[in-house]
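Colleague: My structure file work-v8.txt, compact mmCIF, C-alpha atoms and all ligand atoms, is below:
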```
# COMPACT_ATOMS: atom_id res chain seq x y z
CA MET T 1 5.40 7.21 19.60
CA THR T 2 5.50 6.94 23.40
CA THR T 3 5.94 3.66 25.26
CA SER T 4 2.34 3.79 26.55
CA GLU T 5 0.71 3.96 23.10
CA ALA T 6 -0.85 0.80 21.71
CA VAL T 7 1.27 -1.27 19.34
CA SER T 8 -0.24 -1.88 15.92
CA ARG T 9 0.69 -4.84 13.73
CA SER T 10 2.49 -2.50 11.33
CA GLN T 11 4.89 -1.55 14.18
CA VAL T 12 5.93 -5.18 14.63
CA PRO T 13 8.67 -6.48 14.52
CA GLU T 14 10.44 -3.24 15.54
CA ALA T 15 8.27 -2.98 18.68
CA PHE T 16 9.98 -6.11 20.01
CA ASP T 17 13.17 -4.04 20.43
CA GLU T 18 11.80 -2.43 23.57
CA VAL T 19 11.32 -5.72 25.46
CA ALA T 20 14.23 -7.63 23.90
CA ASP T 21 16.54 -7.50 26.94
CA ARG T 22 13.76 -8.84 29.18
CA TYR T 23 12.23 -11.33 26.74
CA ASP T 24 14.09 -14.42 27.99
CA LEU T 25 13.20 -13.58 31.59
CA MET T 26 9.54 -13.20 30.61
CA VAL T 27 9.26 -16.47 28.68
CA GLY T 28 11.22 -18.26 31.42
CA LEU T 29 8.29 -17.48 33.73
CA ASN T 30 5.91 -19.18 31.29
CA PRO T 31 5.71 -22.86 32.28
CA GLY T 32 6.15 -25.07 29.26
CA TYR T 33 7.35 -22.35 26.86
CA HIS T 34 10.55 -24.15 25.92
CA ALA T 35 9.08 -27.66 26.07
CA HIS T 36 6.26 -26.61 23.75
CA LEU T 37 8.73 -25.20 21.23
CA ARG T 38 10.65 -28.48 21.38
CA ALA T 39 7.43 -30.42 20.77
CA SER T 40 6.77 -28.42 17.59
CA ALA T 41 10.42 -28.72 16.54
CA GLN T 42 10.01 -32.47 16.95
CA VAL T 43 7.13 -32.41 14.45
CA LEU T 44 9.49 -30.78 11.96
CA VAL T 45 12.30 -33.26 12.62
CA ASP T 46 9.97 -36.29 12.48
CA SER T 47 8.56 -35.10 9.17
CA LEU T 48 12.02 -34.51 7.72
CA ALA T 49 13.19 -37.93 8.86
CA ALA T 50 10.06 -39.81 7.79
CA ASP T 51 9.87 -39.06 4.08
CA PRO T 52 11.08 -42.04 2.07
CA THR T 53 10.24 -40.38 -1.26
CA GLU T 54 12.40 -37.29 -0.75
CA PRO T 55 15.76 -38.29 0.67
CA THR T 56 17.40 -35.09 1.83
CA ALA T 57 20.99 -34.34 0.94
CA ALA T 58 23.02 -33.82 4.12
CA PRO T 59 23.25 -31.35 5.69
CA VAL T 60 19.62 -30.27 5.77
CA THR T 61 19.06 -26.51 5.79
CA VAL T 62 16.50 -25.18 8.26
CA LEU T 63 15.21 -21.61 8.57
CA ASP T 64 13.87 -20.35 11.93
CA ILE T 65 11.83 -17.36 10.79
CA GLY T 66 10.99 -14.92 13.60
CA CYS T 67 13.71 -16.53 15.72
CA GLY T 68 13.54 -13.71 18.28
CA SER T 69 16.06 -14.07 21.11
CA GLY T 70 16.77 -17.64 20.01
CA ALA T 71 14.35 -19.73 22.11
CA SER T 72 12.91 -21.43 19.02
CA THR T 73 16.43 -21.75 17.54
CA GLN T 74 17.54 -23.48 20.73
CA ALA T 75 14.55 -25.86 20.53
CA LEU T 76 15.54 -26.71 16.95
CA VAL T 77 19.20 -27.26 17.87
CA GLN T 78 18.25 -29.62 20.69
CA THR T 79 15.78 -31.56 18.56
CA LEU T 80 17.95 -31.78 15.43
CA ASP T 81 20.96 -32.81 17.54
CA ALA T 82 18.93 -35.47 19.36
CA ALA T 83 17.85 -36.89 15.98
CA GLY T 84 21.49 -37.05 14.88
CA LEU T 85 20.79 -34.96 11.77
CA ASP T 86 23.54 -33.06 9.97
CA TYR T 87 22.11 -29.58 9.52
CA ARG T 88 22.64 -25.90 8.92
CA LEU T 89 20.28 -23.60 10.83
CA ILE T 90 19.62 -19.96 9.98
CA GLY T 91 17.65 -17.73 12.36
CA VAL T 92 16.06 -14.63 10.85
CA ASP T 93 14.23 -11.87 12.72
CA GLY T 94 13.09 -8.36 11.91
CA SER T 95 13.92 -6.92 15.35
CA ALA T 96 17.52 -5.79 15.81
CA GLY T 97 17.13 -5.99 19.59
CA MET T 98 15.81 -9.57 19.61
CA LEU T 99 18.53 -10.63 17.20
CA ARG T 100 21.19 -9.03 19.42
CA GLU T 101 19.93 -11.18 22.31
CA ALA T 102 20.06 -14.30 20.11
CA ARG T 103 23.56 -13.59 18.83
CA ALA T 104 24.85 -13.01 22.38
CA LYS T 105 24.27 -16.69 23.21
CA ALA T 106 26.68 -19.54 22.54
CA TRP T 107 25.79 -21.47 19.37
CA PRO T 108 27.37 -24.31 17.43
CA ALA T 109 29.20 -23.30 14.23
CA ASN T 110 26.34 -24.56 12.02
CA VAL T 111 23.93 -21.92 13.44
CA SER T 112 23.85 -18.36 12.06
CA PHE T 113 21.57 -15.35 12.24
CA ALA T 114 20.43 -12.60 9.89
CA GLN T 115 18.18 -9.59 10.23
CA GLY T 116 15.22 -9.38 7.88
CA ARG T 117 11.47 -9.40 7.60
CA ALA T 118 9.56 -12.57 6.84
CA GLU T 119 7.84 -10.76 3.98
CA GLU T 120 11.19 -9.86 2.38
CA LEU T 121 13.21 -13.07 2.48
CA ALA T 122 14.10 -12.67 -1.20
CA ASP T 123 16.18 -9.60 -0.24
CA LEU T 124 18.35 -11.49 2.26
CA PRO T 125 21.88 -12.21 0.95
CA GLU T 126 22.17 -14.98 3.57
CA LEU T 127 19.39 -16.89 1.78
CA GLU T 128 20.53 -16.26 -1.78
CA ASP T 129 20.57 -19.52 -3.73
CA VAL T 130 19.55 -21.43 -0.59
CA GLU T 131 16.85 -24.05 -1.08
CA LEU T 132 15.42 -24.83 2.32
CA ASP T 133 14.56 -28.30 3.59
CA ALA T 134 12.42 -26.95 6.41
CA ILE T 135 11.05 -23.73 7.86
CA PHE T 136 10.03 -23.24 11.49
CA ALA T 137 7.85 -20.24 12.38
CA ALA T 138 7.15 -19.94 16.11
CA TYR T 139 4.83 -17.09 17.17
CA LEU T 140 5.47 -15.27 13.89
CA VAL T 141 2.49 -15.78 11.56
CA ARG T 142 0.04 -13.90 13.81
CA ASN T 143 2.21 -10.80 13.44
CA VAL T 144 2.14 -10.75 9.64
CA GLN T 145 -0.68 -8.87 7.96
CA GLN T 146 -0.46 -10.49 4.52
CA ARG T 147 -0.61 -14.13 5.58
CA ASP T 148 -1.60 -15.56 2.20
CA GLU T 149 1.40 -13.88 0.60
CA LEU T 150 3.60 -15.07 3.46
CA PHE T 151 2.61 -18.72 2.98
CA THR T 152 3.06 -18.48 -0.78
CA SER T 153 6.51 -17.01 -0.32
CA LEU T 154 7.53 -19.61 2.31
CA LEU T 155 6.35 -22.39 -0.02
CA GLY T 156 8.55 -20.93 -2.75
CA ARG T 157 11.61 -20.97 -0.46
CA LEU T 158 11.24 -24.71 0.25
CA ARG T 159 12.62 -27.47 -1.94
CA PRO T 160 9.98 -29.88 -3.28
CA GLY T 161 9.11 -32.10 -0.32
CA GLY T 162 10.28 -29.43 2.15
CA ILE T 163 8.47 -28.92 5.46
CA LEU T 164 6.82 -25.90 7.10
CA VAL T 165 5.97 -26.08 10.80
CA VAL T 166 4.07 -23.19 12.38
CA HIS T 167 3.82 -22.92 16.17
CA GLU T 168 1.13 -20.39 16.94
CA TYR T 169 -1.72 -19.18 19.10
CA SER T 170 -5.25 -19.65 17.78
CA VAL T 171 -8.42 -19.36 19.88
CA ALA T 172 -11.03 -18.16 17.35
CA GLY T 173 -14.16 -20.31 17.41
CA ASN T 174 -13.23 -21.95 20.73
CA ARG T 175 -15.09 -20.25 23.59
CA SER T 176 -13.25 -21.90 26.46
CA ALA T 177 -9.83 -21.32 24.89
CA THR T 178 -10.75 -17.67 24.29
CA ALA T 179 -11.88 -17.23 27.92
CA VAL T 180 -8.76 -18.90 29.35
CA TRP T 181 -6.50 -16.86 27.06
CA SER T 182 -8.11 -13.56 28.09
CA ALA T 183 -8.01 -14.44 31.80
CA VAL T 184 -4.36 -15.53 31.73
CA CYS T 185 -3.23 -12.67 29.52
CA TRP T 186 -4.82 -9.88 31.59
CA GLY T 187 -4.34 -11.63 34.95
CA VAL T 188 -0.78 -12.89 34.50
CA VAL T 189 0.99 -11.97 31.25
CA VAL T 190 0.36 -8.21 31.23
CA PRO T 191 1.22 -7.82 34.96
CA LEU T 192 4.38 -9.91 34.47
CA GLY T 193 5.29 -7.74 31.47
CA TRP T 194 5.11 -4.73 33.77
CA ILE T 195 7.19 -6.41 36.47
CA THR T 196 9.91 -7.59 34.06
CA SER T 197 10.15 -4.63 31.66
CA ARG T 198 8.06 -1.77 33.10
CA ARG T 199 6.16 -1.90 29.82
CA THR T 200 2.89 -3.55 28.91
CA ARG T 201 1.99 -2.33 25.44
CA LEU T 202 3.60 -5.27 23.59
CA TYR T 203 1.79 -7.69 25.90
CA ARG T 204 -1.50 -5.87 25.33
CA TYR T 205 -0.77 -6.23 21.61
CA LEU T 206 -0.10 -9.93 22.25
CA TRP T 207 -3.61 -10.33 23.69
CA ARG T 208 -5.23 -8.51 20.77
CA SER T 209 -3.18 -10.25 18.10
CA VAL T 210 -4.19 -13.66 19.45
CA MET T 211 -7.85 -12.60 19.57
CA ASP T 212 -7.57 -11.46 15.93
CA MET T 213 -5.72 -14.56 14.73
CA ASP T 214 -7.26 -17.06 12.27
CA SER T 215 -9.10 -20.06 13.68
CA VAL T 216 -7.30 -23.40 13.40
CA PRO T 217 -9.37 -24.54 10.37
CA ALA T 218 -8.91 -21.13 8.71
CA LEU T 219 -5.13 -21.30 9.08
CA ARG T 220 -5.05 -24.83 7.70
CA THR T 221 -7.13 -23.63 4.74
CA ARG T 222 -4.71 -20.74 4.15
CA MET T 223 -1.82 -23.19 4.07
CA ARG T 224 -3.64 -25.51 1.64
CA ASP T 225 -4.66 -22.59 -0.57
CA ALA T 226 -1.02 -21.48 -0.73
CA GLY T 227 -0.13 -24.92 -2.11
CA PHE T 228 0.95 -26.88 0.95
CA ALA T 229 0.10 -30.58 1.10
CA GLN T 230 -0.20 -32.84 4.13
CA VAL T 231 -1.62 -29.94 6.14
CA ARG T 232 -2.51 -30.98 9.67
CA SER T 233 -2.43 -29.53 13.15
CA CYS T 234 -2.44 -30.57 16.77
CA THR T 235 -2.69 -28.64 20.01
CA ILE T 236 -0.13 -28.68 22.76
CA GLY T 237 -0.75 -29.83 26.34
CA GLY T 238 -1.16 -28.05 29.67
CA TRP T 239 -3.21 -24.91 30.25
CA GLN T 240 -2.50 -23.82 26.67
CA ARG T 241 -4.45 -26.81 25.28
CA GLY T 242 -6.65 -25.43 22.52
CA ILE T 243 -4.71 -22.13 22.63
CA ILE T 244 -1.32 -22.99 21.09
CA HIS T 245 -1.10 -25.29 18.08
CA THR T 246 1.45 -26.91 15.82
CA PHE T 247 0.65 -26.74 12.09
CA HIS T 248 2.44 -28.94 9.58
CA GLY T 249 2.55 -28.53 5.81
CA LYS T 250 4.71 -29.87 3.06
CA ARG T 251 5.64 -28.54 -0.35
CA PRO T 252 4.44 -31.21 -2.79
CA ALA T 253 7.23 -33.29 -4.30
CA ARG T 254 7.99 -32.83 -8.01
CA SER T 255 5.74 -35.09 -10.09
C1 LIG X 1 6.92 -13.76 20.13
S1 LIG X 1 8.52 -13.62 19.41
C2 LIG X 1 8.95 -15.31 19.21
C3 LIG X 1 10.41 -15.51 19.05
C4 LIG X 1 10.86 -16.96 18.93
N1 LIG X 1 10.40 -17.58 17.70
C5 LIG X 1 10.40 -17.79 20.11
O1 LIG X 1 9.71 -18.77 19.88
O2 LIG X 1 10.73 -17.44 21.25
C6 LIG X 1 8.09 -13.14 17.76
C7 LIG X 1 9.30 -12.69 16.95
O3 LIG X 1 8.89 -12.49 15.61
C8 LIG X 1 9.55 -11.35 15.11
N2 LIG X 1 8.73 -10.83 14.02
C9 LIG X 1 7.46 -10.38 14.08
N3 LIG X 1 7.03 -10.03 12.86
C10 LIG X 1 8.06 -10.26 12.01
C11 LIG X 1 8.23 -10.10 10.61
N4 LIG X 1 7.25 -9.63 9.85
N5 LIG X 1 9.41 -10.46 10.07
C12 LIG X 1 10.43 -10.93 10.84
N6 LIG X 1 10.32 -11.10 12.17
C13 LIG X 1 9.15 -10.77 12.75
C14 LIG X 1 9.64 -10.40 16.29
O4 LIG X 1 10.67 -9.46 16.14
C15 LIG X 1 9.90 -11.38 17.44
O5 LIG X 1 11.27 -11.53 17.68
```
With the file now loaded, output its structure as structure tokens.
Ligand SMILES: C[S@@+](CC[C@H](N)C(=O)[O-])C[C@H]1O[C@@H](n2cnc3c(N)ncnc32)[C@H](O)[C@@H]1O

Modeller:
Amino acid sequence: MTTSEAVSRSQVPEAFDEVADRYDLMVGLNPGYHAHLRASAQVLVDSLAADPTEPTAAPVTVLDIGCGSGASTQALVQTLDAAGLDYRLIGVDGSAGMLREARAKAWPANVSFAQGRAEELADLPELEDVELDAIFAAYLVRNVQQRDELFTSLLGRLRPGGILVVHEYSVAGNRSATAVWSAVCWGVVVPLGWITSRRTRLYRYLWRSVMDMDSVPALRTRMRDAGFAQVRSCTIGGWQRGIIHTFHGKRPARS
């Protein structure tokens, strides 16, 4: 495979290795990237804190699946710390390069990382016998081919009453969001990918993967069909309004 060939979904997450050392620079040029992650992390924290029927034993255990170079992990740390929650946070990613970037940063002792695919969480020793209170998946779901199976497996990793928050692109069925996404991706993101990493194929894959992603109602339906309750979504602000969304779901409490 040469670096000019198109990336297919089956080559993700490994394809992230080739942009890993430039990923933080790239997302730093995206206005709102970190604030938007914090806004979705806040949805997770609010939901954890708001449930009177399922008091969580401290510390709460949170999984950041597809943690990448740690931007979403950082958003979770900031939001969980601000809420004063006692927590353990585990970041998991399938790309060795992205994980190397995450591990190179300074983290509190309650944050750890492991390499693994979202589809194979059962194989991860770091998650053995761990019942999760919450899962955060930022920019991951779009990359997974078997999304129904993914949601079923994530539901099974959560304790009853546990929370899933998905932060993801979705433009299907929204003509203006689709047009803005295409214009920004080809006019800004792909050229910036070239400037920062001398590679564009992952950013061309990004455009295509967003175009192929479920619509917002379809993703909510997938989550409900997998067994999640309290499924809802909202869009974020700024130019990504209607393009990036926060999805919330909850594993039903034991009856
Ligand atoms: C766009 S990055 C987002 C990283 C981070 N969550 C953030 O918000 O900055 C997507 C990450 O998902 C990882 N990824 C993609 N598919 C995956 C899979 N099937 N299993 C585990 N990680 C995956 C990639 O390696 C990459 O690091």

Colleague: In terms of the shortest atom-to-atom distance over all atoms listed in the file, which of T:Tyr87, T:Trp207, T:Phe136, T:Phe151 is closest to Val171 (chain T)?

Modeller: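 Closest candidate: T:Trp207.
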
Colleague: Using all atoms listed in the file, determine which residues fall within 8 Å of ligand LIG 1 (chain X), then list them as a PyMOL selection string.

Modeller: chain T and resi 12-17+20+27+37+64-73+92-96+98-99+115-120+137-141+143-144

Colleague: So what do you get for CA of Leu48 (chain T) versus CA of Ala253 (chain T), distance-wise?

Modeller: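 Pair CA of Leu48 (chain T) / CA of Ala253 (chain T) returns 13.0 Å.
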
Colleague: Calculate how many Å separate CA of Asp133 (chain T) from CA of Ser233 (chain T), rounding to one decimal.

Modeller: 19.5 Å

Colleague: Could you pull the residues within 9 Å of region 222-227 of chain T, counting all atoms listed in the file, minus those fewer than 3 positions along the same chain, as a list in words?

Modeller: Arg147, Asp148, Glu149, Leu150, Phe151, Thr152, Ser153, Leu155, Pro217, Ala218, Leu219, Gln230, Val231, Gly249, Lys250, Arg251 and Pro252 of chain T

Colleague: Separation of CA of Leu76 (chain T) and CA of Val180 (chain T), in Å?

Modeller: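 It comes out at 28.4 Å.
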
Colleague: Around region 177-191 of chain T, fit a box with edges along x, y and z, padding it by 3 Å on each side, then list its centre and edge lengths in Å to one decimal as lines of an AutoDock Vina configuration file.

Modeller:
```
center_x = -5.3
center_y = -14.6
center_z = 29.6
size_x = 19.1
size_y = 19.5
size_z = 16.7
```

Colleague: Which of these residues is nearest to Pro108 (chain T), using only C-alpha atoms: T:Glu126, T:Asp46, T:Asp214, T:Asp81?

Modeller: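 Smallest separation from Pro108 (chain T) among the options: T:Asp81.
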
Colleague: From the set T:Trp194, T:Asp21, T:Val184, T:Val130, which residue has the shortest atom-to-atom contact distance to Ala104 (chain T), counting only C-alpha atoms?

Modeller: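 Of T:Trp194, T:Asp21, T:Val184, T:Val130, the one nearest Ala104 (chain T), counting only C-alpha atoms, is T:Asp21.
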
Colleague: Please check which residues have atoms at most 8 Å from (22.0, -15.1, 8.3) in the file's coordinates, counting only C-alpha atoms, and write them as a list of chain:residue names.

Modeller: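 Taken together, the residues in range are T:Ile90, T:Gly91, T:Val92, T:Ser112, T:Phe113, T:Ala114, T:Gln115, T:Leu124, T:Pro125, T:Glu126, T:Leu127.
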
Colleague: Find, counting only C-alpha atoms, the residue in T:Val188, T:Ile135, T:Val7, T:Ser47 that gets nearest to Leu154 (chain T).

Modeller: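 Looking at the shortest contact to Leu154 (chain T), the residue is T:Ile135.
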
Colleague: Taking only C-alpha atoms into account, name the residue in T:Leu206, T:Ser40, T:Arg220, T:Ala49 that is nearest to Gly161 (chain T).

Modeller: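 Using only C-alpha atoms, Gly161 (chain T) sits closest to T:Ala49.
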
Colleague: Taking (-3.0, -28.0, 23.5) in the file's coordinates, which residues come within 12 Å, counting only C-alpha atoms, written as a list of chain:residue names?

Modeller: T:Gly32, T:His36, T:Ala39, T:Ser40, T:His167, T:Glu168, T:Tyr169, T:Ser170, T:Val171, T:Ala177, T:Val216, T:Ser233, T:Cys234, T:Thr235, T:Ile236, T:Gly237, T:Gly238, T:Trp239, T:Gln240, T:Arg241, T:Gly242, T:Ile243, T:Ile244, T:His245, T:Thr246

Colleague: Looking at only C-alpha atoms, which of T:Leu164, T:Ala106, T:Val62, T:Val111 is the one that sits closest to His248 (chain T)?

Modeller: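 Nearest to His248 (chain T): T:Leu164.
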
Colleague: Quick one: residues within 9 Å of Gly193 (chain T), only C-alpha atoms counted, chain neighbours fewer than 3 positions away excluded, as a PDB file with C-alpha atoms, in the coordinates of the input?

Modeller:
```pdb
ATOM      1  CA  VAL T  19      11.320  -5.720  25.460  1.00  0.00           C
ATOM      2  CA  ARG T  22      13.760  -8.840  29.180  1.00  0.00           C
ATOM      3  CA  MET T  26       9.540 -13.200  30.610  1.00  0.00           C
ATOM      4  CA  VAL T 188      -0.780 -12.890  34.500  1.00  0.00           C
ATOM      5  CA  VAL T 189       0.990 -11.970  31.250  1.00  0.00           C
ATOM      6  CA  VAL T 190       0.360  -8.210  31.230  1.00  0.00           C
ATOM      7  CA  THR T 196       9.910  -7.590  34.060  1.00  0.00           C
ATOM      8  CA  SER T 197      10.150  -4.630  31.660  1.00  0.00           C
ATOM      9  CA  ARG T 198       8.060  -1.770  33.100  1.00  0.00           C
ATOM     10  CA  ARG T 199       6.160  -1.900  29.820  1.00  0.00           C
ATOM     11  CA  THR T 200       2.890  -3.550  28.910  1.00  0.00           C
ATOM     12  CA  ARG T 201       1.990  -2.330  25.440  1.00  0.00           C
ATOM     13  CA  LEU T 202       3.600  -5.270  23.590  1.00  0.00           C
ATOM     14  CA  TYR T 203       1.790  -7.690  25.900  1.00  0.00           C
TER      15      TYR T 203
END
```

Colleague: Leaving out Thr61 (chain T) and any residue of its chain fewer than 2 positions from it, which residues lie within 8 Å of it when counting all atoms listed in the file, given as a ChimeraX atom specification?

Modeller: /T:59,63,87-90,131-134

Colleague: Atoms to include: C-alpha atoms. Write the selected residues as a PDB file, in the coordinates of the input.

Modeller:
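Below is the file that was written, selection_33.pdb:
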```pdb
ATOM      1  CA  PRO T  59      23.250 -31.350   5.690  1.00  0.00           C
ATOM      2  CA  LEU T  63      15.210 -21.610   8.570  1.00  0.00           C
ATOM      3  CA  TYR T  87      22.110 -29.580   9.520  1.00  0.00           C
ATOM      4  CA  ARG T  88      22.640 -25.900   8.920  1.00  0.00           C
ATOM      5  CA  LEU T  89      20.280 -23.600  10.830  1.00  0.00           C
ATOM      6  CA  ILE T  90      19.620 -19.960   9.980  1.00  0.00           C
ATOM      7  CA  GLU T 131      16.850 -24.050  -1.080  1.00  0.00           C
ATOM      8  CA  LEU T 132      15.420 -24.830   2.320  1.00  0.00           C
ATOM      9  CA  ASP T 133      14.560 -28.300   3.590  1.00  0.00           C
ATOM     10  CA  ALA T 134      12.420 -26.950   6.410  1.00  0.00           C
TER      11      ALA T 134
END
```

Colleague: Could N, CA and C atoms be built for region 147-169 of chain T and written out as a PDB file, keeping the file's coordinate frame?

Modeller:
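Result saved to selection.pdb:
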```
ATOM      1  N   ARG T 147      -0.976 -12.723   5.294  1.00  0.00           N
ATOM      2  CA  ARG T 147      -0.610 -14.130   5.580  1.00  0.00           C
ATOM      3  C   ARG T 147      -0.645 -15.002   4.338  1.00  0.00           C
ATOM      4  N   ASP T 148      -1.576 -14.742   3.422  1.00  0.00           N
ATOM      5  CA  ASP T 148      -1.600 -15.560   2.200  1.00  0.00           C
ATOM      6  C   ASP T 148      -0.298 -15.398   1.437  1.00  0.00           C
ATOM      7  N   GLU T 149       0.139 -14.145   1.311  1.00  0.00           N
ATOM      8  CA  GLU T 149       1.400 -13.880   0.600  1.00  0.00           C
ATOM      9  C   GLU T 149       2.574 -14.509   1.345  1.00  0.00           C
ATOM     10  N   LEU T 150       2.517 -14.470   2.677  1.00  0.00           N
ATOM     11  CA  LEU T 150       3.600 -15.070   3.460  1.00  0.00           C
ATOM     12  C   LEU T 150       3.706 -16.562   3.167  1.00  0.00           C
ATOM     13  N   PHE T 151       2.563 -17.273   3.220  1.00  0.00           N
ATOM     14  CA  PHE T 151       2.610 -18.720   2.980  1.00  0.00           C
ATOM     15  C   PHE T 151       3.073 -19.039   1.563  1.00  0.00           C
ATOM     16  N   THR T 152       2.617 -18.247   0.597  1.00  0.00           N
ATOM     17  CA  THR T 152       3.060 -18.480  -0.780  1.00  0.00           C
ATOM     18  C   THR T 152       4.561 -18.302  -0.895  1.00  0.00           C
ATOM     19  N   SER T 153       5.072 -17.261  -0.237  1.00  0.00           N
ATOM     20  CA  SER T 153       6.510 -17.010  -0.320  1.00  0.00           C
ATOM     21  C   SER T 153       7.304 -18.088   0.420  1.00  0.00           C
ATOM     22  N   LEU T 154       6.806 -18.548   1.583  1.00  0.00           N
ATOM     23  CA  LEU T 154       7.530 -19.610   2.310  1.00  0.00           C
ATOM     24  C   LEU T 154       7.534 -20.903   1.490  1.00  0.00           C
ATOM     25  N   LEU T 155       6.397 -21.189   0.845  1.00  0.00           N
ATOM     26  CA  LEU T 155       6.350 -22.390  -0.020  1.00  0.00           C
ATOM     27  C   LEU T 155       7.430 -22.312  -1.090  1.00  0.00           C
ATOM     28  N   GLY T 156       7.579 -21.116  -1.680  1.00  0.00           N
ATOM     29  CA  GLY T 156       8.550 -20.930  -2.750  1.00  0.00           C
ATOM     30  C   GLY T 156       9.997 -21.049  -2.290  1.00  0.00           C
ATOM     31  N   ARG T 157      10.241 -20.851  -0.984  1.00  0.00           N
ATOM     32  CA  ARG T 157      11.610 -20.970  -0.460  1.00  0.00           C
ATOM     33  C   ARG T 157      11.991 -22.415  -0.173  1.00  0.00           C
ATOM     34  N   LEU T 158      10.969 -23.305  -0.103  1.00  0.00           N
ATOM     35  CA  LEU T 158      11.240 -24.710   0.250  1.00  0.00           C
ATOM     36  C   LEU T 158      11.564 -25.520  -0.992  1.00  0.00           C
ATOM     37  N   ARG T 159      12.411 -26.501  -0.855  1.00  0.00           N
ATOM     38  CA  ARG T 159      12.620 -27.470  -1.940  1.00  0.00           C
ATOM     39  C   ARG T 159      11.347 -28.318  -2.044  1.00  0.00           C
ATOM     40  N   PRO T 160      11.109 -28.946  -3.195  1.00  0.00           N
ATOM     41  CA  PRO T 160       9.980 -29.880  -3.280  1.00  0.00           C
ATOM     42  C   PRO T 160      10.123 -30.931  -2.178  1.00  0.00           C
ATOM     43  N   GLY T 161       9.054 -31.164  -1.445  1.00  0.00           N
ATOM     44  CA  GLY T 161       9.110 -32.100  -0.320  1.00  0.00           C
ATOM     45  C   GLY T 161       9.526 -31.444   0.982  1.00  0.00           C
ATOM     46  N   GLY T 162       9.858 -30.128   0.934  1.00  0.00           N
ATOM     47  CA  GLY T 162      10.280 -29.430   2.150  1.00  0.00           C
ATOM     48  C   GLY T 162       9.109 -29.193   3.113  1.00  0.00           C
ATOM     49  N   ILE T 163       9.454 -28.947   4.366  1.00  0.00           N
ATOM     50  CA  ILE T 163       8.470 -28.920   5.460  1.00  0.00           C
ATOM     51  C   ILE T 163       8.314 -27.507   6.024  1.00  0.00           C
ATOM     52  N   LEU T 164       7.082 -27.122   6.304  1.00  0.00           N
ATOM     53  CA  LEU T 164       6.820 -25.900   7.100  1.00  0.00           C
ATOM     54  C   LEU T 164       6.130 -26.333   8.389  1.00  0.00           C
ATOM     55  N   VAL T 165       6.667 -25.879   9.520  1.00  0.00           N
ATOM     56  CA  VAL T 165       5.970 -26.080  10.800  1.00  0.00           C
ATOM     57  C   VAL T 165       5.739 -24.709  11.430  1.00  0.00           C
ATOM     58  N   VAL T 166       4.476 -24.453  11.749  1.00  0.00           N
ATOM     59  CA  VAL T 166       4.070 -23.190  12.380  1.00  0.00           C
ATOM     60  C   VAL T 166       3.631 -23.510  13.804  1.00  0.00           C
ATOM     61  N   HIS T 167       4.187 -22.777  14.752  1.00  0.00           N
ATOM     62  CA  HIS T 167       3.820 -22.920  16.170  1.00  0.00           C
ATOM     63  C   HIS T 167       3.132 -21.616  16.531  1.00  0.00           C
ATOM     64  N   GLU T 168       1.844 -21.671  16.847  1.00  0.00           N
ATOM     65  CA  GLU T 168       1.130 -20.390  16.940  1.00  0.00           C
ATOM     66  C   GLU T 168      -0.107 -20.480  17.837  1.00  0.00           C
ATOM     67  N   TYR T 169      -0.456 -19.327  18.376  1.00  0.00           N
ATOM     68  CA  TYR T 169      -1.720 -19.180  19.100  1.00  0.00           C
ATOM     69  C   TYR T 169      -2.883 -19.185  18.113  1.00  0.00           C
TER      70      TYR T 169
END
```
